[in-house]
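Content type CSV, C-alpha atoms, from the file coords_6.csv:
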chain,number,residue,atom,x,y,z
A,26,ASN,CA,-7.8,25.2,-24.2
A,27,ALA,CA,-7.7,21.9,-22.4
A,28,GLY,CA,-4.7,19.7,-22.9
A,29,VAL,CA,-4.8,16.1,-24.1
A,30,MET,CA,-7.4,14.3,-21.9
A,31,GLN,CA,-7.0,10.7,-21.2
A,32,ASN,CA,-9.5,8.6,-19.2
A,33,PRO,CA,-9.7,6.8,-17.0
A,34,ARG,CA,-6.5,7.7,-15.1
A,35,HIS,CA,-6.5,4.2,-13.5
A,36,LEU,CA,-8.1,1.1,-14.8
A,37,VAL,CA,-8.1,-2.3,-13.1
A,38,ARG,CA,-9.2,-5.3,-15.2
A,39,ARG,CA,-9.3,-9.1,-14.4
A,40,ARG,CA,-7.5,-11.4,-16.8
A,41,GLY,CA,-9.6,-12.1,-19.9
A,42,GLN,CA,-11.6,-8.8,-19.7
A,43,GLU,CA,-11.5,-6.0,-22.2
A,44,ALA,CA,-9.8,-2.6,-21.5
A,45,ARG,CA,-10.8,0.5,-23.4
A,46,LEU,CA,-8.6,3.6,-23.0
A,47,ARG,CA,-9.8,6.9,-24.3
A,48,CYS,CA,-7.9,9.9,-25.6
A,49,SER,CA,-9.3,13.3,-26.5
A,50,PRO,CA,-6.7,15.3,-28.4
A,51,MET,CA,-6.2,19.0,-28.0
A,52,LYS,CA,-8.6,21.2,-30.0
A,53,GLY,CA,-7.4,21.5,-33.5
A,54,HIS,CA,-5.0,18.5,-33.3
A,55,SER,CA,-5.8,15.7,-35.9
A,56,HIS,CA,-2.8,13.5,-35.2
A,57,VAL,CA,-2.8,11.1,-32.3
A,58,TYR,CA,0.0,8.8,-31.1
A,59,TRP,CA,-0.3,6.0,-28.5
A,60,TYR,CA,2.7,4.9,-26.4
A,61,ARG,CA,3.1,2.2,-23.8
A,62,GLN,CA,5.4,2.4,-20.8
A,63,LEU,CA,6.2,-0.9,-19.1
A,64,PRO,CA,7.6,-0.8,-15.5
A,65,GLU,CA,11.2,0.4,-15.4
A,66,GLU,CA,11.2,1.0,-19.2
A,67,GLY,CA,10.9,4.0,-21.5
A,68,LEU,CA,7.9,4.8,-23.7
A,69,LYS,CA,7.5,2.5,-26.7
A,70,PHE,CA,5.6,3.6,-29.7
A,71,MET,CA,2.4,1.7,-30.5
A,72,VAL,CA,0.3,3.4,-33.2
A,73,TYR,CA,-0.1,6.7,-35.1
A,74,LEU,CA,-3.6,7.7,-36.3
A,75,GLN,CA,-5.2,10.6,-38.1
A,76,LYS,CA,-8.9,11.1,-38.2
A,77,GLU,CA,-10.5,7.8,-39.4
A,78,ASN,CA,-7.1,6.4,-40.6
A,79,ILE,CA,-4.4,4.3,-39.0
A,80,ILE,CA,-1.1,5.6,-40.4
A,81,ASP,CA,1.5,3.5,-38.6
A,82,GLU,CA,0.7,0.6,-36.4
A,83,SER,CA,4.1,-1.0,-36.4
A,84,GLY,CA,4.4,-1.0,-32.6
A,85,MET,CA,1.1,-2.7,-31.9
A,86,PRO,CA,1.1,-6.3,-30.8
A,87,LYS,CA,-0.4,-8.4,-33.5
A,88,GLU,CA,-3.2,-9.8,-31.5
A,89,ARG,CA,-5.7,-8.4,-29.0
A,90,PHE,CA,-4.8,-4.7,-29.5
A,91,SER,CA,-6.6,-2.3,-31.7
A,92,ALA,CA,-6.9,1.4,-32.1
A,93,GLU,CA,-9.3,3.9,-33.8
A,94,PHE,CA,-9.7,7.6,-34.2
A,95,PRO,CA,-13.2,8.2,-35.5
A,96,LYS,CA,-14.4,11.3,-37.2
A,97,GLU,CA,-16.3,12.3,-34.1
A,98,GLY,CA,-15.2,11.5,-30.6
A,99,PRO,CA,-12.0,10.4,-28.9
A,100,SER,CA,-9.4,8.0,-30.0
A,101,ILE,CA,-9.8,4.6,-28.4
A,102,LEU,CA,-7.1,2.0,-27.6
A,103,ARG,CA,-8.8,-1.4,-27.0
A,104,ILE,CA,-7.1,-4.4,-25.5
A,105,GLN,CA,-9.1,-7.6,-25.6
A,106,GLN,CA,-8.6,-10.5,-23.2
A,107,VAL,CA,-6.1,-8.7,-21.1
A,108,VAL,CA,-3.2,-10.6,-19.5
A,109,ARG,CA,-0.9,-9.6,-16.7
A,110,GLY,CA,1.8,-8.5,-19.1
A,111,ASP,CA,-0.5,-5.7,-20.4
A,112,SER,CA,-0.2,-3.9,-17.1
A,113,ALA,CA,1.5,-0.6,-18.0
A,114,ALA,CA,1.0,3.1,-18.4
A,115,TYR,CA,-0.5,4.0,-21.7
A,116,PHE,CA,0.1,7.5,-23.0
A,117,CYS,CA,-1.6,9.4,-25.7
A,118,ALA,CA,-0.1,12.4,-27.5
A,119,SER,CA,-1.5,14.7,-30.1
A,120,SER,CA,-0.2,17.2,-32.6
A,121,VAL,CA,-1.2,19.5,-35.4
A,122,ASP,CA,0.9,17.7,-37.9
A,123,SER,CA,3.5,14.9,-38.0
A,124,ASN,CA,6.4,17.0,-36.7
A,125,TYR,CA,7.5,16.5,-33.1
A,126,GLY,CA,5.5,19.1,-31.3
A,127,TYR,CA,3.7,16.5,-29.2
A,128,THR,CA,1.4,17.3,-26.3
A,129,PHE,CA,1.1,14.3,-24.0
A,130,GLY,CA,-1.8,13.3,-21.8
A,131,SER,CA,-1.4,12.2,-18.2
A,132,GLY,CA,-1.7,8.6,-19.1
A,133,THR,CA,-3.9,5.6,-18.1
A,134,ARG,CA,-2.4,3.2,-15.7
A,135,LEU,CA,-3.8,-0.3,-16.5
A,136,THR,CA,-3.5,-3.0,-13.9
A,137,VAL,CA,-4.5,-6.5,-14.7
A,138,VAL,CA,-5.2,-8.7,-11.8
B,24,GLY,CA,18.5,-0.1,-35.2
B,25,ASP,CA,18.2,3.4,-33.7
B,26,SER,CA,18.3,3.6,-29.9
B,27,VAL,CA,18.7,5.8,-26.9
B,28,THR,CA,20.5,5.0,-23.7
B,29,GLN,CA,20.2,7.1,-20.5
B,30,MET,CA,22.1,6.8,-17.3
B,31,GLU,CA,20.2,4.9,-14.7
B,32,GLY,CA,18.5,6.6,-11.8
B,33,PRO,CA,17.5,7.7,-9.4
B,34,VAL,CA,19.7,10.7,-9.2
B,35,THR,CA,19.5,12.3,-5.8
B,36,LEU,CA,20.9,15.8,-5.4
B,37,SER,CA,20.7,18.6,-2.9
B,38,GLU,CA,19.2,21.9,-3.9
B,39,GLU,CA,21.5,24.2,-5.9
B,40,ALA,CA,23.7,21.2,-6.9
B,41,PHE,CA,24.9,20.8,-10.5
B,42,LEU,CA,23.0,18.2,-12.6
B,43,THR,CA,24.1,16.0,-15.4
B,44,ILE,CA,22.0,13.3,-16.9
B,45,ASN,CA,23.8,11.4,-19.6
B,46,CYS,CA,22.2,10.4,-22.9
B,47,THR,CA,23.8,8.6,-25.8
B,48,TYR,CA,22.2,7.5,-29.0
B,49,THR,CA,22.6,5.3,-32.0
B,50,ALA,CA,21.1,6.5,-35.3
B,51,THR,CA,21.6,6.8,-39.0
B,52,GLY,CA,22.5,10.3,-40.0
B,53,TYR,CA,21.9,13.3,-37.7
B,54,PRO,CA,18.4,13.3,-36.3
B,55,SER,CA,16.9,15.9,-34.1
B,56,LEU,CA,17.3,15.1,-30.4
B,57,PHE,CA,14.9,15.9,-27.5
B,58,TRP,CA,14.6,16.0,-23.8
B,59,TYR,CA,11.1,15.4,-22.2
B,60,VAL,CA,10.2,15.9,-18.6
B,61,GLN,CA,7.4,14.1,-16.7
B,62,TYR,CA,6.4,15.7,-13.4
B,63,PRO,CA,4.6,13.4,-10.9
B,64,GLY,CA,1.1,12.5,-12.0
B,65,GLU,CA,1.4,14.4,-15.3
B,66,GLY,CA,2.1,13.6,-19.0
B,67,LEU,CA,5.4,14.2,-20.7
B,68,GLN,CA,6.3,17.8,-21.7
B,69,LEU,CA,8.9,18.8,-24.2
B,70,LEU,CA,11.8,20.4,-22.2
B,71,LEU,CA,14.2,21.2,-25.0
B,72,LYS,CA,15.5,20.1,-28.4
B,73,ALA,CA,18.3,20.4,-30.9
B,74,THR,CA,18.0,19.9,-34.6
B,75,LYS,CA,21.6,19.6,-35.8
B,76,ALA,CA,25.1,18.9,-34.6
B,77,ASP,CA,26.6,21.4,-32.2
B,78,ASP,CA,23.2,23.0,-31.5
B,79,LYS,CA,22.5,23.8,-27.9
B,80,GLY,CA,18.9,23.4,-26.7
B,81,SER,CA,17.9,25.3,-23.5
B,82,ASN,CA,14.9,25.9,-21.4
B,83,LYS,CA,14.1,26.7,-17.7
B,84,GLY,CA,17.8,26.7,-16.9
B,85,PHE,CA,18.4,23.3,-18.5
B,86,GLU,CA,20.8,22.9,-21.4
B,87,ALA,CA,21.9,20.1,-23.7
B,88,THR,CA,24.4,20.2,-26.6
B,89,TYR,CA,24.2,17.9,-29.6
B,90,ARG,CA,27.6,16.2,-29.9
B,91,LYS,CA,27.9,14.1,-33.0
B,92,GLU,CA,31.5,13.1,-32.2
B,93,THR,CA,30.4,11.3,-29.1
B,94,THR,CA,26.8,10.7,-30.2
B,95,SER,CA,25.6,12.3,-27.0
B,96,PHE,CA,23.0,14.8,-25.8
B,97,HIS,CA,23.6,15.2,-22.0
B,98,LEU,CA,21.2,17.3,-20.0
B,99,GLU,CA,22.7,19.8,-17.6
B,100,LYS,CA,21.6,22.4,-15.1
B,101,GLY,CA,23.8,24.5,-13.0
B,102,SER,CA,21.6,24.8,-9.9
B,103,VAL,CA,18.7,22.4,-9.4
B,104,GLN,CA,15.6,23.2,-7.3
B,105,VAL,CA,13.2,20.9,-5.5
B,106,SER,CA,10.6,21.7,-8.2
B,107,ASP,CA,12.9,20.0,-10.8
B,108,SER,CA,12.2,16.6,-9.2
B,109,ALA,CA,10.8,14.6,-12.1
B,110,VAL,CA,11.6,11.9,-14.6
B,111,TYR,CA,13.6,13.0,-17.6
B,112,PHE,CA,13.5,11.2,-21.0
B,113,CYS,CA,15.9,11.6,-23.9
B,114,ALA,CA,14.4,10.9,-27.3
B,115,LEU,CA,15.0,10.9,-31.1
B,116,PRO,CA,12.9,10.3,-34.2
B,117,HIS,CA,12.4,6.7,-35.3
B,118,GLY,CA,14.7,5.9,-38.2
B,119,SER,CA,13.8,7.4,-41.5
B,120,SER,CA,10.2,7.6,-40.5
B,121,ASN,CA,8.4,10.8,-41.4
B,122,THR,CA,5.4,10.0,-39.2
B,123,GLY,CA,6.6,11.7,-36.1
B,124,LYS,CA,7.1,8.6,-33.9
B,125,LEU,CA,9.9,8.8,-31.3
B,126,ILE,CA,12.3,6.4,-29.6
B,127,PHE,CA,12.6,7.2,-25.9
B,128,GLY,CA,15.3,6.3,-23.4
B,129,GLN,CA,14.2,4.5,-20.3
B,130,GLY,CA,14.0,7.7,-18.2
B,131,THR,CA,16.0,9.0,-15.4
B,132,THR,CA,14.4,9.9,-12.1
B,133,LEU,CA,15.7,13.1,-10.4
B,134,GLN,CA,15.1,13.7,-6.8
B,135,VAL,CA,16.1,17.0,-5.4
B,136,LYS,CA,16.2,17.4,-1.6
B,137,PRO,CA,15.9,20.7,0.2
Any chance you could give the structure as structure tokens?
Amino acid sequence: NAGVMQNPRHLVRRRGQEARLRCSPMKGHSHVYWYRQLPEEGLKFMVYLQKENIIDESGMPKERFSAEFPKEGPSILRIQQVVRGDSAAYFCASSVDSNYGYTFGSGTRLTVV
Amino acid sequence: GDSVTQMEGPVTLSEEAFLTINCTYTATGYPSLFWYVQYPGEGLQLLLKATKADDKGSNKGFEATYRKETTSFHLEKGSVQVSDSAVYFCALPHGSSNTGKLIFGQGTTLQVKP
């Protein structure tokens, strides 16, 4: 049973481009969480999704960021018109329900140049 | 609002030394408390947890006791190994949210030298 798979592991984008980060939860997990880790900081919650629904997006920046978790396929975190301040590690976690038994992926390191 | 504060790193120890990583929290009520570990190049893994005051979580030789009097959840290990080198995060659930989101400390890097 594969763990939470995130790809790509590393992503480099120029300012103004779009970044798409993918997260495949563990088999049987229907709850997905995205967190962002800025340099020298802890992880900050961004969004919580269940299949086809955004449950809590209170940590998402108001502009340029969006997330989805379609019925089929991985969860996608999309960042439009990236800026240097978006450079960070983005972690996805999945769980069977909304308790705290998360399994984290290895993260995507986004670098904006 | 709710928050978690960890001691700054890096913490550098020799093998078999005693480890303490301090964690204090601010929260309403008595939330569950967690320690996660992140090994190089990997995602975070739950190391241990405590769900109520005076509980002691333990795993892989690590322990942490939920102290409501001092609002602390310090991580300890009696004899560290090189393989314990990692980043350690203290965490608690976000406020009264029932959606499973967590507040993390900034992480403490542990380096164990042979």
Residues of chain A at most 8 Å from chain B: nearest atom pair and distance in Å, all atoms listed in the file, as CSV:
residue,atom,partner,partner_atom,distance
A:Tyr58,CA,B:Lys124,CA,7.6
A:Glu65,CA,B:Gln129,CA,7.1
A:Glu66,CA,B:Gln129,CA,4.7
A:Gly67,CA,B:Gln129,CA,3.5
A:Leu68,CA,B:Phe127,CA,5.7
A:Lys69,CA,B:Ile126,CA,6.8
A:Phe70,CA,B:Lys124,CA,6.7
A:Tyr73,CA,B:Lys124,CA,7.5
A:Ile80,CA,B:Thr122,CA,7.9
A:Asp81,CA,B:Thr122,CA,7.6
A:Phe116,CA,B:Gly66,CA,7.6
A:Ser123,CA,B:Gly123,CA,4.8
A:Asn124,CA,B:Gly123,CA,5.3
A:Tyr125,CA,B:Gly123,CA,5.7
A:Gly126,CA,B:Leu69,CA,7.9
A:Tyr127,CA,B:Leu69,CA,7.6
A:Thr128,CA,B:Gln68,CA,6.7
A:Phe129,CA,B:Gly66,CA,5.1
A:Gly130,CA,B:Gly66,CA,4.8
A:Ser131,CA,B:Gly66,CA,3.9
A:Gly132,CA,B:Gly66,CA,6.3
| task | Would you mind listing what lies within 7 Å of region 87-104 of chain B as a list in words, with only C-alpha atoms counted and same-chain residues fewer than 6 positions away left out? | result |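 Counting only C-alpha atoms, the residues come to Glu38, Glu39, Ala40, Phe41, Leu42, Thr43, Ile44, Asn45, Cys46, Thr47, Tyr48, Ala73, Lys75, Ala76, Asp77, Asp78, Lys79, Gly80, Ser81 and Val135 of chain B.
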| query | When distances are computed from all atoms listed in the file, which of A:Val137, A:Pro50, A:Tyr115, A:Gln75 shows the smallest separation from Leu102 (chain A)? | reply |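 Among A:Val137, A:Pro50, A:Tyr115, A:Gln75, it is A:Tyr115 that comes nearest to Leu102 (chain A).
We find CA of Pro86 (chain A) and CA of Gly98 (chain A) to be spaced 24.1 Å apart.
Residue nearest Phe90 (chain A), chosen from A:Glu43, A:Thr136, A:Gly53, A:Pro33 and counting all atoms listed in the file: A:Glu43.
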| task | Find the spatial neighbours of Arg40 (chain A), counting only C-alpha atoms, within a cut-off of 12 Å - ignore same-chain residues fewer than 2 positions away - and output them as a list in words. | result | Val37, Arg38, Gln42, Glu43, Ala44, Ile104, Gln105, Gln106, Val107, Val108, Arg109, Gly110, Asp111, Ser112, Leu135, Thr136, Val137 and Val138 of chain A
| task | Would you please work out which residue, of B:Ser37, B:Gly52, B:Val110, B:Val105, is nearest to Leu70 (chain B) when using only C-alpha atoms? | result | B:Val110
| request: Could you give me, as a ChimeraX atom specification, the residues that sit within 8 Å of (-7.7, 7.6, -38.0) in the file's coordinates, counting only C-alpha atoms? | output: /A:74-80,93-96
| task | Pick out the closest residue to Val57 (chain A) from this set: A:Ala113, A:His35, A:Ile101, A:Thr133. Count all atoms listed in the file. | result |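 Looking at the shortest contact to Val57 (chain A), the residue is A:Ile101.
Omitting Gly24 (chain B) and its sequence neighbours fewer than 6 positions away, and counting only C-alpha atoms, the residues within 10 Å are Thr49, Ala50, Thr51, His117 and Gly118 of chain B.
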| Computed interatomic separation between CA of Met30 (chain A) and CA of Glu86 (chain B) (Å) |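 Interatomic distance here is 29.5 Å.
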